[in-house]
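What follows is a single structure, written as structure tokens, with notes after it.
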Amino acid sequence: MLEALFTTQSRELTLQYLAIFENGYAREISRHFDISLPSIQLQLTHLEDEGVLESEMEGRTKVYAFNPKYLFIKELFALLSKAREYYEPALQNKFISQTDIPTRGEV
């Protein structure tokens, strides 16, 4: 949906993943969307180089999250949120946070 702005679907989905789940690492994002690992790694590296994301090492794993100091963070989140409204239902389901799924006691 936003490929014209973000140049690739993998970049758009990487941003969407981090907007919903708050942080993540390359292999996790790759598996979630069934996108090649090198493609996701490239997007994460590019977005970090541009200051959109930041990362920290957790053991041997590099975990990425949005850089709260990124100048257009509020606008980016608003744009990503609006785009999710227009995704196909199968893709929208990929953005259901684990915290949104009721536990056995809540059903």
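Labeling convention for the structure tokens: chains A, B, ... as they appear, residues from 1 per chain, ligands from 1 in order of appearance.
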
Filtered DSSP result for chain A, state strand (DSSP E), as a VMD selection string: chain A and resid 23 to 24 53 to 58 61 to 66

Residue contacts of Leu76 of chain A (12 Å, only C-alpha atoms) excluding same-chain residues fewer than 2 positions away, as a PyMOL selection string: chain A and resi 2+5-6+12+15-16+18-19+52-53+66-68+70-74+78-83

Counting only C-alpha atoms, the residue of A:Asp34, A:Asp49, A:Glu22, A:Ser39 that sits nearest Leu91 of chain A: A:Asp34

Members of chain A assigned alpha helix (DSSP H) by DSSP, as a VMD selection string: chain A and resid 3 to 6 9 to 21 26 to 33 37 to 49 73 to 84 89 to 93

Contacts of Ile29 of chain A at 12 Å (only C-alpha atoms; same-chain gap of 4+ positions) as an MDAnalysis selection string: chainID A and resid 10:18 20:25 33:41 43:44 63:64 94:95

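For the residues A:Thr8, A:Asn93, A:Tyr87, A:Ala26, ranking by smallest atom-to-atom distance to Thr61 of chain A using only C-alpha atoms places A:Ala26 first.
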